[in-house]
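Enquirer: Below you'll find the structure I mean.
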Amino acid sequence: MRNNFFKWFKGDMAAVEFAEVLYDAAQRWDDLEDEGKCDGHNALLSWLAFGKEYTAYFATNAHLLRPAMLLMYLQWRAANVLERGEFADVQKAYMLRAAIYSIWHLMAWIAGGDDWAADVGPEIYRSYAETPESLFKEFNNA
């Protein structure tokens, strides 16, 4: 994803690094939810609660990123319920689980404004490799 981040965020290495850590945090938190454990859970919780606040990128853009990250969290929580339901629910969960991509879309907007975000937005969402069908199979033994 690093090359994508570098392009989407117009070479802003602080943004790239923030996106990488956020992606890793989201993956590990999901492991914690799904498996009841994750490697480095204390470091994960520390970064989410305090560490991100001390990154220059987050500090500069916290007024935009904090509410977007809250919404990402809320969508992920709803997806955790919906993904275990009927296929129509799983389709909604699939969309909600992709909330981190909306953060990256926002970060592209921060990097380059409206036109840039409109240009790279479809590419950002196309990079989401999971499908509703694979999600349904994972949680419903289909």
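Letters for chains follow the order of the structure tokens (A, B, ...), residue numbers begin at 1 for each chain, and ligand numbers begin at 1 in the order shown.
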Taking the backbone alone, and naming residues the way the document does, which bits of stretch 25-103 of chain A are helix (DSSP H, G or I) by DSSP, as an MDAnalysis selection string?
Expert: chainID A and resid 25:35 41:49 51:54 56:82 87:97 99:103
Enquirer: Quick one: everything within 12 Å of A:Arg126, counting only C-alpha atoms, minus sequence neighbours fewer than 3 positions away in the same chain. Send it as number ranges by chain.
Expert: A: 4, 98, 101-102, 105, 120-123, 129-131
Enquirer: Mind writing the picked residues with N, CA and C atoms as a PDB file, in the first residue's frame?
Expert:
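Below is the file that was written, result-v5.pdb:
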```pdb
ATOM      1  N   ASN A   4       0.829   3.250  -3.115  1.00  0.00           N
ATOM      2  CA  ASN A   4      -0.471   3.914  -3.281  1.00  0.00           C
ATOM      3  C   ASN A   4      -0.570   5.133  -2.376  1.00  0.00           C
ATOM      4  N   ALA A  98     -15.108  -0.958   5.074  1.00  0.00           N
ATOM      5  CA  ALA A  98     -14.188  -0.203   4.221  1.00  0.00           C
ATOM      6  C   ALA A  98     -14.037   1.246   4.686  1.00  0.00           C
ATOM      7  N   TYR A 101     -10.916   3.314   4.121  1.00  0.00           N
ATOM      8  CA  TYR A 101     -10.680   3.876   2.792  1.00  0.00           C
ATOM      9  C   TYR A 101     -11.209   5.303   2.706  1.00  0.00           C
ATOM     10  N   SER A 102     -12.258   5.585   3.450  1.00  0.00           N
ATOM     11  CA  SER A 102     -12.757   6.963   3.480  1.00  0.00           C
ATOM     12  C   SER A 102     -11.772   7.879   4.201  1.00  0.00           C
ATOM     13  N   HIS A 105      -9.264   8.613   1.637  1.00  0.00           N
ATOM     14  CA  HIS A 105      -9.837   9.572   0.688  1.00  0.00           C
ATOM     15  C   HIS A 105      -9.771  10.989   1.277  1.00  0.00           C
ATOM     16  N   VAL A 120      -8.477  10.673  -7.480  1.00  0.00           N
ATOM     17  CA  VAL A 120      -7.927   9.428  -6.924  1.00  0.00           C
ATOM     18  C   VAL A 120      -8.936   8.648  -6.092  1.00  0.00           C
ATOM     19  N   GLY A 121     -10.073   9.235  -5.781  1.00  0.00           N
ATOM     20  CA  GLY A 121     -11.068   8.546  -4.964  1.00  0.00           C
ATOM     21  C   GLY A 121     -11.456   7.172  -5.491  1.00  0.00           C
ATOM     22  N   PRO A 122     -11.832   7.059  -6.758  1.00  0.00           N
ATOM     23  CA  PRO A 122     -12.194   5.721  -7.254  1.00  0.00           C
ATOM     24  C   PRO A 122     -11.048   4.712  -7.116  1.00  0.00           C
ATOM     25  N   GLU A 123      -9.829   5.139  -7.355  1.00  0.00           N
ATOM     26  CA  GLU A 123      -8.667   4.247  -7.208  1.00  0.00           C
ATOM     27  C   GLU A 123      -8.509   3.791  -5.758  1.00  0.00           C
ATOM     28  N   ALA A 129      -9.829  -5.055  -1.556  1.00  0.00           N
ATOM     29  CA  ALA A 129      -9.809  -6.353  -2.233  1.00  0.00           C
ATOM     30  C   ALA A 129     -10.889  -7.315  -1.762  1.00  0.00           C
ATOM     31  N   GLU A 130     -11.418  -7.124  -0.566  1.00  0.00           N
ATOM     32  CA  GLU A 130     -12.432  -8.040  -0.052  1.00  0.00           C
ATOM     33  C   GLU A 130     -13.721  -7.886  -0.860  1.00  0.00           C
ATOM     34  N   THR A 131     -14.513  -8.946  -0.903  1.00  0.00           N
ATOM     35  CA  THR A 131     -15.808  -8.901  -1.579  1.00  0.00           C
ATOM     36  C   THR A 131     -16.913  -9.253  -0.584  1.00  0.00           C
TER      37      THR A 131
END
```
Enquirer: I'd like to know which of A:Val16, A:Lys52, A:Asn80, A:Leu71 is closest to A:Trp29, using only C-alpha atoms.
Expert: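 For A:Trp29, the nearest of the candidates is A:Asn80.
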Enquirer: As an exercise, work out the distance from atom CA of A:Phe58 to atom CA of A:Leu22 in Å and give it to one decimal place.
Expert: 10.8 Å
Enquirer: Using only C-alpha atoms for the distances, tell me which of A:Leu106, A:Ala111, A:Trp116, A:Lys92 is nearest to A:Leu135.
Expert: A:Lys92
Enquirer: Calculated over only C-alpha atoms, which of the candidates A:Ala56, A:Val81, A:Met72, A:Ala88 has the smallest distance to A:Tyr23?
Expert: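 Answer, going by the shortest atom-to-atom distance: A:Met72.
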Enquirer: What's around A:Gln75 at 10 Å? Count only C-alpha atoms, leave out sequence neighbours fewer than 6 positions away in its own chain, and write the answer as number ranges by chain.
Expert: A: 69, 93, 95-100
Enquirer: So which one's closest to A:Ile124, A:Ala26, A:Asn61, A:Tyr94, A:Trp104? Using only C-alpha atoms, please.
Expert: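 Between A:Ala26, A:Asn61, A:Tyr94, A:Trp104, the residue approaching A:Ile124 most closely is A:Trp104.
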Enquirer: For stretch 39-50 of chain A, list every protein, DNA or RNA residue within 12 Å, evaluated using only C-alpha atoms, and leave out those in the same chain fewer than 4 positions away; present the list as number ranges by chain.
Expert: A: 18, 21-33, 35, 54-55, 58-59, 66, 69-70, 73
Enquirer: Please compute the atom CA of A:Ile103-atom CA of A:Leu65 distance, one decimal, in Å.
Expert: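 Rounded to one decimal, the two atoms are 7.4 Å apart.
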Enquirer: Rank A:Ser127, A:Ala62, A:Lys10, A:Tyr57 by their smallest atom-to-atom distance to A:Trp109, using only C-alpha atoms, and report the top residue only.
Expert: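 Using only C-alpha atoms, the shortest distance to A:Trp109 belongs to A:Lys10.
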Enquirer: Report, in Å with one decimal, the straight-line distance from atom CA of A:Thr60 to atom CA of A:Gly113.
Expert: 15.8 Å
